[in-house]
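Engineer: Contents are mmCIF, C-alpha atoms; file name upload-v8.cif:
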```
data_final
loop_
_atom_site.label_atom_id
_atom_site.label_comp_id
_atom_site.auth_asym_id
_atom_site.auth_seq_id
_atom_site.Cartn_x
_atom_site.Cartn_y
_atom_site.Cartn_z
CA MET T 1 36.47 2.40 -0.32
CA ALA T 2 36.69 3.97 -3.74
CA PHE T 3 34.48 2.89 -6.58
CA PRO T 4 35.61 3.00 -10.19
CA SER T 5 34.24 5.95 -12.14
CA ALA T 6 34.27 4.10 -15.45
CA PRO T 7 33.38 0.52 -16.30
CA SER T 8 36.05 -2.11 -16.63
CA PRO T 9 35.94 -4.34 -19.74
CA VAL T 10 33.36 -7.04 -19.38
CA SER T 11 31.90 -9.54 -21.81
CA LEU T 12 28.30 -9.45 -22.93
CA ILE T 13 27.99 -13.04 -21.77
CA GLU T 14 28.78 -12.03 -18.20
CA VAL T 15 26.23 -9.18 -18.25
CA PHE T 16 23.61 -11.50 -19.74
CA TRP T 17 24.36 -14.26 -17.22
CA VAL T 18 24.16 -11.97 -14.19
CA PHE T 19 20.82 -10.54 -15.26
CA LEU T 20 19.50 -13.93 -16.32
CA ARG T 21 20.18 -15.22 -12.83
CA LEU T 22 18.41 -12.19 -11.38
CA GLY T 23 15.54 -12.71 -13.82
CA CYS T 24 15.11 -16.25 -12.50
CA THR T 25 15.21 -15.32 -8.80
CA SER T 26 13.91 -11.73 -8.47
CA PHE T 27 10.44 -12.31 -7.10
CA GLY T 28 8.38 -9.70 -5.28
CA GLY T 29 7.86 -6.82 -7.70
CA PRO T 30 9.81 -3.62 -8.43
CA ALA T 31 10.80 -2.86 -4.83
CA ALA T 32 12.32 -6.33 -4.45
CA HIS T 33 13.99 -6.05 -7.87
CA LEU T 34 15.74 -2.83 -6.86
CA ALA T 35 16.81 -4.46 -3.61
CA PHE T 36 18.26 -7.44 -5.49
CA PHE T 37 20.06 -5.08 -7.88
CA ARG T 38 21.55 -3.10 -5.00
CA THR T 39 22.89 -6.23 -3.33
CA GLU T 40 24.32 -7.59 -6.57
CA PHE T 41 25.78 -4.48 -8.17
CA VAL T 42 26.58 -2.15 -5.26
CA GLU T 43 27.59 -4.54 -2.48
CA ARG T 44 28.78 -7.66 -4.27
CA ARG T 45 30.14 -6.59 -7.64
CA ARG T 46 30.73 -2.89 -6.88
CA TRP T 47 29.79 -1.75 -10.34
CA LEU T 48 28.83 1.64 -8.86
CA SER T 49 28.61 3.43 -5.53
CA GLU T 50 25.64 3.59 -3.19
CA THR T 51 25.14 7.27 -4.10
CA SER T 52 25.25 6.65 -7.85
CA TYR T 53 22.82 3.76 -7.52
CA ALA T 54 20.42 5.83 -5.43
CA ASP T 55 20.62 8.67 -7.97
CA LEU T 56 19.84 6.23 -10.79
CA VAL T 57 16.89 4.78 -8.89
CA ALA T 58 15.62 8.29 -8.20
CA LEU T 59 15.80 9.14 -11.90
CA CYS T 60 13.96 6.00 -12.98
CA GLN T 61 11.25 6.63 -10.39
CA PHE T 62 10.56 9.88 -12.25
CA LEU T 63 10.47 8.28 -15.70
CA PRO T 64 7.47 6.52 -17.22
CA GLY T 65 7.85 2.78 -17.60
CA PRO T 66 9.08 -0.10 -15.42
CA ALA T 67 11.59 1.47 -13.03
CA SER T 68 13.47 -1.71 -12.14
CA SER T 69 13.90 -2.71 -15.79
CA GLN T 70 15.11 0.80 -16.63
CA VAL T 71 17.66 0.64 -13.82
CA GLY T 72 18.81 -2.71 -15.20
CA MET T 73 19.12 -1.29 -18.73
CA ALA T 74 21.21 1.61 -17.45
CA LEU T 75 23.47 -0.74 -15.48
CA GLY T 76 23.92 -2.94 -18.56
CA TRP T 77 24.84 0.11 -20.62
CA ARG T 78 27.33 1.26 -17.99
CA ARG T 79 29.18 -2.05 -18.17
CA ALA T 80 29.09 -2.89 -21.88
CA GLY T 81 27.43 -0.20 -23.96
CA TRP T 82 24.54 -0.89 -26.31
CA GLY T 83 25.09 -4.63 -26.26
CA GLY T 84 25.20 -4.63 -22.47
CA MET T 85 21.93 -2.72 -22.30
CA ALA T 86 20.26 -5.28 -24.57
CA ALA T 87 21.84 -8.20 -22.72
CA ALA T 88 20.70 -6.88 -19.34
CA TRP T 89 17.12 -6.40 -20.52
CA LEU T 90 17.00 -9.77 -22.28
CA GLY T 91 18.47 -11.67 -19.36
CA PHE T 92 16.18 -10.06 -16.79
CA THR T 93 13.01 -10.37 -18.90
CA LEU T 94 13.48 -13.67 -20.72
CA PRO T 95 12.58 -16.10 -17.89
CA ALA T 96 9.19 -14.57 -17.10
CA ALA T 97 8.40 -13.91 -20.77
CA ALA T 98 9.17 -17.52 -21.72
CA LEU T 99 7.05 -18.85 -18.86
CA MET T 100 4.15 -16.58 -19.76
CA ILE T 101 4.26 -17.61 -23.43
CA GLY T 102 4.38 -21.23 -22.28
CA PHE T 103 1.39 -20.61 -20.04
CA ALA T 104 -0.44 -19.05 -22.97
CA HIS T 105 0.10 -22.22 -24.97
CA GLY T 106 -1.55 -24.23 -22.21
CA VAL T 107 1.46 -26.39 -21.31
CA ALA T 108 0.00 -29.37 -19.45
CA TRP T 109 2.79 -29.72 -16.92
CA LEU T 110 2.46 -26.12 -15.86
CA ASP T 111 -1.27 -26.55 -15.29
CA ASP T 112 -0.66 -29.70 -13.27
CA ALA T 113 2.09 -28.06 -11.25
CA GLY T 114 -0.16 -25.13 -10.46
CA ASP T 115 -2.51 -27.46 -8.57
CA ALA T 116 0.25 -29.20 -6.59
CA PRO T 117 0.52 -28.21 -2.92
CA ALA T 118 4.32 -28.31 -3.04
CA TRP T 119 4.37 -25.92 -6.00
CA GLN T 120 1.97 -23.53 -4.29
CA ALA T 121 4.08 -23.67 -1.15
CA ALA T 122 7.24 -22.93 -3.15
CA LEU T 123 5.60 -19.83 -4.62
CA GLN T 124 4.65 -18.74 -1.12
CA GLY T 125 8.25 -19.24 -0.01
CA LEU T 126 9.43 -16.98 -2.82
CA LYS T 127 7.10 -14.24 -1.63
CA VAL T 128 8.45 -14.62 1.90
CA ALA T 129 12.00 -14.29 0.56
CA ALA T 130 11.01 -11.05 -1.15
CA VAL T 131 9.97 -9.65 2.25
CA ALA T 132 13.45 -10.29 3.63
CA VAL T 133 15.19 -8.85 0.57
CA VAL T 134 13.17 -5.62 0.67
CA ALA T 135 13.69 -5.31 4.44
CA GLN T 136 17.46 -5.67 3.95
CA ALA T 137 17.43 -2.95 1.28
CA ILE T 138 15.46 -0.59 3.52
CA TRP T 139 17.92 -1.13 6.37
CA ALA T 140 21.03 -0.64 4.24
CA MET T 141 19.76 2.29 2.18
CA SER T 142 18.33 4.12 5.19
CA ARG T 143 21.72 4.05 6.91
CA SER T 144 23.34 5.61 3.86
CA LEU T 145 20.61 7.92 2.55
CA CYS T 146 18.84 8.87 5.80
CA PRO T 147 21.74 9.42 8.23
CA ASP T 148 19.98 12.07 10.35
CA THR T 149 16.60 12.64 11.95
CA PRO T 150 15.24 15.17 9.38
CA ARG T 151 15.80 12.76 6.50
CA ARG T 152 14.32 9.87 8.44
CA VAL T 153 11.25 12.01 9.05
CA LEU T 154 11.16 12.90 5.36
CA ALA T 155 11.28 9.21 4.46
CA GLY T 156 8.35 8.62 6.82
CA VAL T 157 6.39 11.45 5.22
CA ALA T 158 7.08 10.02 1.75
CA ALA T 159 5.87 6.60 2.88
CA ALA T 160 2.71 8.14 4.38
CA LEU T 161 1.96 10.03 1.16
CA ALA T 162 2.52 6.98 -1.02
CA LEU T 163 0.22 4.89 1.17
CA GLY T 164 -2.30 7.51 2.27
CA LEU T 165 -3.12 9.52 -0.85
CA PRO T 166 -4.66 6.59 -2.79
CA TRP T 167 -6.64 5.60 0.31
CA LEU T 168 -7.92 9.14 0.97
CA THR T 169 -8.65 10.20 -2.61
CA GLY T 170 -9.16 6.95 -4.51
CA TRP T 171 -6.50 8.00 -7.00
CA GLY T 172 -4.04 5.46 -8.34
CA GLY T 173 -0.93 4.62 -6.37
CA ALA T 174 1.27 6.37 -8.96
CA TRP T 175 -0.04 9.77 -7.84
CA GLY T 176 0.96 9.14 -4.24
CA GLN T 177 4.44 8.07 -5.34
CA LEU T 178 4.90 11.12 -7.58
CA LEU T 179 3.70 13.46 -4.84
CA ALA T 180 6.06 11.81 -2.34
CA ILE T 181 9.02 12.24 -4.68
CA GLY T 182 8.03 15.86 -5.39
CA VAL T 183 7.76 16.75 -1.71
CA ALA T 184 11.07 15.03 -0.98
CA GLY T 185 12.81 16.89 -3.80
CA LEU T 186 11.46 20.29 -2.72
CA THR T 187 12.49 19.58 0.86
CA GLY T 188 16.00 18.72 -0.31
CA LEU T 189 16.16 21.97 -2.29
CA TRP T 190 15.01 23.92 0.77
CA MET T 191 17.57 22.26 3.04
CA GLY T 192 20.26 22.83 0.41
CA SER T 193 23.85 22.93 1.62
CA ARG T 194 22.93 21.80 5.14
CA TRP T 195 22.33 18.29 3.84
CA LEU T 196 24.96 18.39 1.12
CA ALA T 197 27.67 19.10 3.69
CA ALA T 198 26.85 15.81 5.38
CA SER T 199 26.41 13.88 2.15
CA SER T 200 29.03 12.37 -0.07
CA ALA T 201 29.70 14.16 -3.32
CA PRO T 202 28.52 12.45 -6.48
CA ASP T 203 30.93 10.42 -8.53
CA ALA T 204 32.80 12.60 -10.97
CA GLN T 205 31.23 10.55 -13.77
CA GLN T 206 28.55 7.92 -13.79
CA GLY T 207 30.43 6.10 -16.52
CA PHE T 208 27.53 5.90 -18.95
CA GLY T 209 29.34 7.72 -21.75
CA MET T 210 26.13 8.23 -23.72
CA THR T 211 26.17 11.21 -26.06
CA ARG T 212 23.64 14.01 -26.17
CA THR T 213 23.08 13.27 -29.85
CA ALA T 214 22.01 9.71 -29.01
CA GLY T 215 19.74 11.06 -26.28
CA ALA T 216 18.11 13.58 -28.58
CA VAL T 217 17.58 10.96 -31.30
CA ALA T 218 16.03 8.54 -28.78
CA LEU T 219 13.59 11.16 -27.46
CA ALA T 220 12.66 12.23 -31.00
CA LEU T 221 12.06 8.59 -31.98
CA LEU T 222 9.91 8.06 -28.89
CA ALA T 223 7.72 11.05 -29.79
CA LEU T 224 7.54 9.98 -33.43
CA LEU T 225 6.42 6.43 -32.57
CA LEU T 226 3.88 7.64 -30.01
CA VAL T 227 2.19 9.75 -32.66
CA GLY T 228 3.04 7.76 -35.76
CA LEU T 229 2.09 4.21 -34.74
CA PRO T 230 -1.61 4.96 -34.07
CA LEU T 231 -1.85 6.98 -37.30
CA TRP T 232 -0.18 4.17 -39.25
CA ALA T 233 -2.50 1.57 -37.72
CA GLU T 234 -5.57 3.65 -38.55
CA ALA T 235 -4.43 4.30 -42.10
CA SER T 236 -3.58 0.64 -42.76
CA GLY T 237 -6.57 -0.82 -40.97
CA SER T 238 -4.31 -3.48 -39.41
CA ALA T 239 -5.65 -4.87 -36.14
CA LEU T 240 -2.20 -6.23 -35.27
CA LEU T 241 -0.55 -2.85 -35.80
CA ALA T 242 -3.26 -1.25 -33.69
CA GLN T 243 -2.33 -3.58 -30.84
CA VAL T 244 1.37 -2.78 -31.26
CA ALA T 245 0.49 0.91 -31.03
CA GLY T 246 -1.63 0.29 -27.93
CA PHE T 247 1.12 -1.67 -26.17
CA PHE T 248 3.72 0.94 -27.09
CA GLY T 249 1.50 3.71 -25.72
CA ALA T 250 0.92 1.78 -22.50
CA GLY T 251 4.65 1.33 -21.99
CA ALA T 252 5.32 5.01 -22.69
CA LEU T 253 2.63 6.55 -20.51
CA VAL T 254 2.54 4.38 -17.40
CA PHE T 255 3.83 5.70 -14.08
CA GLY T 256 3.99 3.89 -10.77
CA GLY T 257 5.23 0.42 -11.64
CA GLY T 258 4.14 -2.70 -13.45
CA HIS T 259 0.70 -3.03 -11.88
CA VAL T 260 -0.36 0.31 -13.34
CA VAL T 261 0.16 -0.97 -16.90
CA LEU T 262 -2.45 -3.70 -16.47
CA PRO T 263 -5.55 -1.51 -16.81
CA LEU T 264 -3.98 0.19 -19.83
CA LEU T 265 -3.37 -3.15 -21.51
CA GLN T 266 -6.84 -4.34 -20.57
CA SER T 267 -8.41 -1.34 -22.30
CA SER T 268 -6.32 -2.09 -25.38
CA VAL T 269 -7.11 -5.80 -25.82
CA VAL T 270 -10.39 -6.73 -24.11
CA PRO T 271 -12.95 -4.20 -25.48
CA VAL T 272 -11.95 -4.93 -29.10
CA GLY T 273 -12.05 -8.70 -28.59
CA ALA T 274 -8.33 -9.28 -29.11
CA VAL T 275 -8.19 -11.13 -25.76
CA SER T 276 -11.16 -12.41 -23.78
CA SER T 277 -11.77 -11.13 -20.27
CA ALA T 278 -11.34 -14.66 -18.86
CA ASP T 279 -7.98 -15.13 -20.62
CA PHE T 280 -6.83 -11.72 -19.44
CA LEU T 281 -7.62 -12.50 -15.81
CA ALA T 282 -6.01 -15.94 -16.02
CA GLY T 283 -2.79 -14.41 -17.28
CA TYR T 284 -2.93 -11.67 -14.67
CA GLY T 285 -3.11 -14.32 -11.95
CA ALA T 286 -0.25 -16.32 -13.45
CA VAL T 287 2.13 -13.37 -13.80
CA GLN T 288 1.91 -12.68 -10.07
CA ALA T 289 3.91 -15.86 -9.49
CA MET T 290 6.62 -15.00 -12.02
CA PRO T 291 10.06 -13.54 -11.34
CA GLY T 292 11.28 -10.46 -13.12
CA PRO T 293 9.23 -7.56 -14.50
CA LEU T 294 5.43 -7.59 -14.48
CA PHE T 295 5.56 -6.14 -18.00
CA SER T 296 6.25 -9.72 -19.15
CA PHE T 297 2.45 -10.04 -19.01
CA SER T 298 2.52 -8.46 -22.48
CA ALA T 299 4.16 -11.59 -23.91
CA TYR T 300 1.25 -13.68 -22.65
CA LEU T 301 -1.32 -11.31 -24.13
CA GLY T 302 0.35 -11.45 -27.52
CA ALA T 303 0.43 -15.25 -27.44
CA VAL T 304 -3.30 -15.61 -26.56
CA MET T 305 -4.59 -12.97 -28.97
CA ASN T 306 -7.44 -13.78 -31.30
CA PRO T 307 -6.02 -15.41 -34.46
CA ALA T 308 -8.00 -12.91 -36.52
CA VAL T 309 -5.92 -10.13 -34.97
CA LEU T 310 -2.62 -11.95 -35.50
CA ALA T 311 -3.29 -12.34 -39.23
CA GLY T 312 -1.29 -15.56 -39.52
CA LEU T 313 1.52 -14.56 -37.15
CA ALA T 314 2.63 -17.41 -34.88
CA PRO T 315 1.39 -16.87 -31.30
CA TRP T 316 4.88 -17.05 -29.78
CA LEU T 317 6.12 -14.45 -32.26
CA ALA T 318 3.16 -12.24 -31.40
CA GLY T 319 4.10 -12.61 -27.76
CA LEU T 320 7.65 -11.43 -28.46
CA LEU T 321 6.34 -8.59 -30.62
CA MET T 322 4.08 -7.26 -27.86
CA LEU T 323 6.85 -7.71 -25.31
CA GLY T 324 9.14 -5.56 -27.42
CA ALA T 325 6.41 -2.98 -28.01
CA VAL T 326 5.71 -2.44 -24.31
CA PHE T 327 9.40 -2.26 -23.33
CA ALA T 328 10.65 -0.13 -26.24
CA PRO T 329 9.54 3.20 -24.69
CA ALA T 330 11.42 2.37 -21.48
CA ALA T 331 14.65 1.83 -23.41
CA LEU T 332 14.20 4.98 -25.49
CA THR T 333 13.48 7.02 -22.38
CA VAL T 334 16.59 5.78 -20.60
CA VAL T 335 18.79 6.46 -23.61
CA GLY T 336 17.18 9.89 -24.04
CA VAL T 337 17.57 11.09 -20.46
CA LEU T 338 20.87 9.62 -19.24
CA PRO T 339 23.23 11.90 -21.24
CA PHE T 340 21.69 14.99 -19.68
CA TRP T 341 21.28 13.42 -16.25
CA ASP T 342 25.00 12.86 -15.82
CA LEU T 343 25.60 16.60 -16.26
CA LEU T 344 22.62 17.82 -14.24
CA ARG T 345 23.43 15.71 -11.19
CA GLN T 346 26.72 17.61 -10.72
CA ARG T 347 24.93 20.93 -10.10
CA ILE T 348 24.46 22.02 -6.51
CA GLY T 349 20.72 22.65 -6.88
CA VAL T 350 20.12 19.29 -8.54
CA ARG T 351 22.24 17.55 -5.92
CA SER T 352 20.17 19.20 -3.18
CA VAL T 353 16.97 17.95 -4.80
CA LEU T 354 18.51 14.48 -5.22
CA THR T 355 19.48 14.34 -1.56
CA GLY T 356 15.84 14.83 -0.62
CA ILE T 357 14.60 12.46 -3.32
CA ASN T 358 16.96 9.73 -2.14
CA ALA T 359 15.40 9.95 1.33
CA GLY T 360 12.00 9.84 -0.37
CA VAL T 361 13.01 6.69 -2.26
CA VAL T 362 13.67 5.00 1.08
CA GLY T 363 10.16 6.04 2.10
CA LEU T 364 8.75 4.55 -1.10
CA LEU T 365 10.51 1.28 -0.30
CA VAL T 366 8.96 1.35 3.16
CA ALA T 367 5.54 1.97 1.60
CA ALA T 368 6.03 -0.92 -0.82
CA PHE T 369 7.09 -3.13 2.08
CA ILE T 370 3.89 -2.27 3.97
CA ASP T 371 1.72 -2.70 0.88
CA PRO T 372 1.86 -4.92 -1.13
CA VAL T 373 5.00 -6.91 -0.15
CA TRP T 374 4.13 -7.77 3.47
CA PRO T 375 0.40 -8.58 3.18
CA ALA T 376 0.93 -10.58 -0.01
CA ALA T 377 3.50 -12.83 1.66
CA MET T 378 2.68 -13.04 5.37
CA GLN T 379 -0.14 -15.55 5.65
CA SER T 380 0.89 -17.46 8.76
CA VAL T 381 3.21 -17.42 11.77
CA GLY T 382 5.47 -19.80 9.87
CA ASP T 383 5.85 -17.22 7.12
CA VAL T 384 6.92 -14.60 9.65
CA LEU T 385 9.49 -16.97 11.16
CA LEU T 386 10.84 -17.94 7.73
CA ALA T 387 11.13 -14.27 6.75
CA GLY T 388 13.01 -13.55 9.98
CA MET T 389 15.48 -16.35 9.31
CA ALA T 390 15.95 -15.16 5.72
CA LEU T 391 16.61 -11.62 6.91
CA ALA T 392 19.15 -12.89 9.44
CA ALA T 393 20.89 -14.86 6.69
CA LEU T 394 21.13 -11.71 4.57
CA LEU T 395 22.17 -9.25 7.29
CA ARG T 396 24.16 -11.33 9.77
CA TRP T 397 25.74 -14.04 7.66
CA ARG T 398 25.69 -12.15 4.34
CA ILE T 399 24.50 -15.15 2.38
CA SER T 400 23.81 -14.49 -1.30
CA PRO T 401 20.17 -13.57 -2.02
CA VAL T 402 20.09 -16.32 -4.65
CA TRP T 403 20.65 -18.97 -1.96
CA VAL T 404 18.28 -17.27 0.46
CA VAL T 405 15.50 -17.18 -2.15
CA SER T 406 16.13 -20.81 -3.14
CA GLY T 407 16.24 -21.87 0.50
CA CYS T 408 12.93 -20.18 1.29
CA ALA T 409 11.25 -21.91 -1.65
CA ALA T 410 12.71 -25.29 -0.67
CA ALA T 411 11.80 -24.88 3.01
CA ALA T 412 8.22 -23.94 2.17
CA SER T 413 7.87 -26.92 -0.19
CA LEU T 414 9.26 -29.35 2.39
CA SER T 415 6.83 -28.02 5.00
CA VAL T 416 3.88 -29.47 3.08
CA LEU T 417 5.61 -32.74 2.21
CA VAL T 418 6.70 -33.81 5.69
#
```
Reformat the file's structure so that it appears as structure tokens.

Structural biologist:
Amino acid sequence: MAFPSAPSPVSLIEVFWVFLRLGCTSFGGPAAHLAFFRTEFVERRRWLSETSYADLVALCQFLPGPASSQVGMALGWRRAGWGGMAAAWLGFTLPAAALMIGFAHGVAWLDDAGDAPAWQAALQGLKVAAVAVVAQAIWAMSRSLCPDTPRRVLAGVAAALALGLPWLTGWGGAWGQLLAIGVAGLTGLWMGSRWLAASSAPDAQQGFGMTRTAGAVALALLALLLVGLPLWAEASGSALLAQVAGFFGAGALVFGGGHVVLPLLQSSVVPVGAVSSADFLAGYGAVQAMPGPLFSFSAYLGAVMNPAVLAGLAPWLAGLLMLGAVFAPAALTVVGVLPFWDLLRQRIGVRSVLTGINAGVVGLLVAAFIDPVWPAAMQSVGDVLLAGMALAALLRWRISPVWVVSGCAAAASLSVLV
């Protein structure tokens, strides 16, 4: 079935609503987010083809910043331009950010709910649903992107590297992921036309329509802010500006997903007394139960910062300021790279590399499924059975992930009430 090469007209409200719904239900971390996006935008809405989506995911895996949020920004741009990009980011990020700012303000009902067995069970059900969603994505993407034995083997090698390198060397998980992508890309280049002959050609146009001028300006602005914000903070002596610079730098330099940004943020806020160690850990625990991007943790940190650092700024405004600071590099990077990516992906050599990388992405999903998705969710035989039923609902009956996620949460809650 053919997919449109350019976006059809769509209102900003629709883009915002779709991503807001995903922001309320996308539990389970980046791997689950990408799986939810694939189901929503490739299978259900057909905004782009499987190949184009895989290429976009492969690109964002290479870029610094939160990969799932960057994929969402690019999809929003594809549908509705600059406004669509902003609407997609806002819709996907707003639920978790609002909850984290509310948590920072010590909302009594949230504290009470956190101690309730039914609430804890519902959170566990959401984690179980994430297992099924990721498993569905692995199954569907492997059939499309790993259609032969060599690419299945390559996906297995990528999964082994992503899991094994941190265990063997003690290095962060980002290094294993980058090595896996690099090996997969080189293997694709080596295989060359042998794999391309069996692979579908890329869409003639991704439909992003972003100009090279906009890309160059975005990359220049990113470099300017990376250098200029710390210098400005030092020259002004502003503790608040120093934190903005620290959050911006963390968002620009992090590889490997949302969890990697946490130590960078910790080094920015705790040693200088902007946030206490106890408050930092409390927020870190709370954000694990939130939907959407883990980078929403930045909103919490801004809201609980020492009043001396905020210099009279309202805590909720500080939360939004830090949220924007940590996400801004991701947006600038996407805008900067996409205009050139659409041209590069048409070249035979780049397509060969992408073919290998796409198989590697499947391996990274497998690695994420093994750790941390499965161990974080599977705590009992009942969890395994619930995950199996959720996976059957997704694969056999093709029930919307929204209903599957809601059903898992409801079933888990009922299990402790009856």

Engineer: Which residue is closest to Leu219 of chain T? Choose from T:Ala137, T:Leu332, T:Ala98, T:Leu253 and count all atoms listed in the file.

Structural biologist: T:Leu332

Engineer: Pull out every residue that the PyMOL selection byres ((chain T and resi 143) around 12) matches in the shown coordinates and put them as an mmCIF file with C-alpha atoms, keeping the file's coordinate frame.

Structural biologist:
```cif
data_model
loop_
_atom_site.group_PDB
_atom_site.id
_atom_site.type_symbol
_atom_site.label_atom_id
_atom_site.label_comp_id
_atom_site.auth_asym_id
_atom_site.auth_seq_id
_atom_site.Cartn_x
_atom_site.Cartn_y
_atom_site.Cartn_z
ATOM 1 C CA GLU T 50 25.640 3.590 -3.190
ATOM 2 C CA THR T 51 25.140 7.270 -4.100
ATOM 3 C CA GLN T 136 17.460 -5.670 3.950
ATOM 4 C CA ALA T 137 17.430 -2.950 1.280
ATOM 5 C CA ILE T 138 15.460 -0.590 3.520
ATOM 6 C CA TRP T 139 17.920 -1.130 6.370
ATOM 7 C CA ALA T 140 21.030 -0.640 4.240
ATOM 8 C CA MET T 141 19.760 2.290 2.180
ATOM 9 C CA SER T 142 18.330 4.120 5.190
ATOM 10 C CA SER T 144 23.340 5.610 3.860
ATOM 11 C CA LEU T 145 20.610 7.920 2.550
ATOM 12 C CA CYS T 146 18.840 8.870 5.800
ATOM 13 C CA PRO T 147 21.740 9.420 8.230
ATOM 14 C CA ASP T 148 19.980 12.070 10.350
ATOM 15 C CA THR T 149 16.600 12.640 11.950
ATOM 16 C CA ARG T 151 15.800 12.760 6.500
ATOM 17 C CA ARG T 152 14.320 9.870 8.440
ATOM 18 C CA ALA T 155 11.280 9.210 4.460
ATOM 19 C CA SER T 199 26.410 13.880 2.150
ATOM 20 C CA ASN T 358 16.960 9.730 -2.140
ATOM 21 C CA ALA T 359 15.400 9.950 1.330
ATOM 22 C CA VAL T 362 13.670 5.000 1.080
#
```

Engineer: Name the residues in contact with segment 16-33 of chain T at a cut-off of 9 Å, using only C-alpha atoms, excluding same-chain residues fewer than 2 positions from it; report them as a PyMOL selection string.

Structural biologist: chain T and resi 11-14+35-38+40+66-69+72+76+84+86-96+126-131+133-134+137+257-258+288-294+364-365+368-369+373+401-402+405-406

Engineer: Translate the PyMOL selection byres ((chain T and resi 314-320) around 6), as applied to the file shown, into an explicit residue set as a list in words.

Structural biologist: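 Going through the file, the PyMOL selection byres ((chain T and resi 314-320) around 6) ends up selecting Ala299, Tyr300, Gly302, Ala303, Leu313, Leu321, Met322 and Leu323 of chain T.
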
Engineer: Identify all residues satisfying the PyMOL selection byres ((chain T and resi 246) around 10) in the given file; provide them as a count of residues only.

Structural biologist: 24

Engineer: Looking at T:Ala274, T:Leu161, T:Met73, T:Ala118, which one is nearest to Ala184 of chain T, with distances taken over all atoms listed in the file?

Structural biologist: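 The shortest atom-to-atom distance to Ala184 of chain T comes from T:Leu161.
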
Engineer: Just give me the gap between atom CA of Ser415 of chain T and atom CA of Ala122 of chain T in Å, one decimal is fine.

Structural biologist: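 Interatomic distance, atom CA of Ser415 of chain T to atom CA of Ala122 of chain T: 9.6 Å.
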
Engineer: What gap, in Å, lies between atom CA of Ala158 of chain T and atom CA of Leu186 of chain T?

Structural biologist: 12.0 Å

Engineer: To one decimal in Å, tell me the separation between atom CA of Leu385 of chain T and atom CA of Gly164 of chain T.

Structural biologist: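 Distance reported for this atom pair: 28.6 Å.
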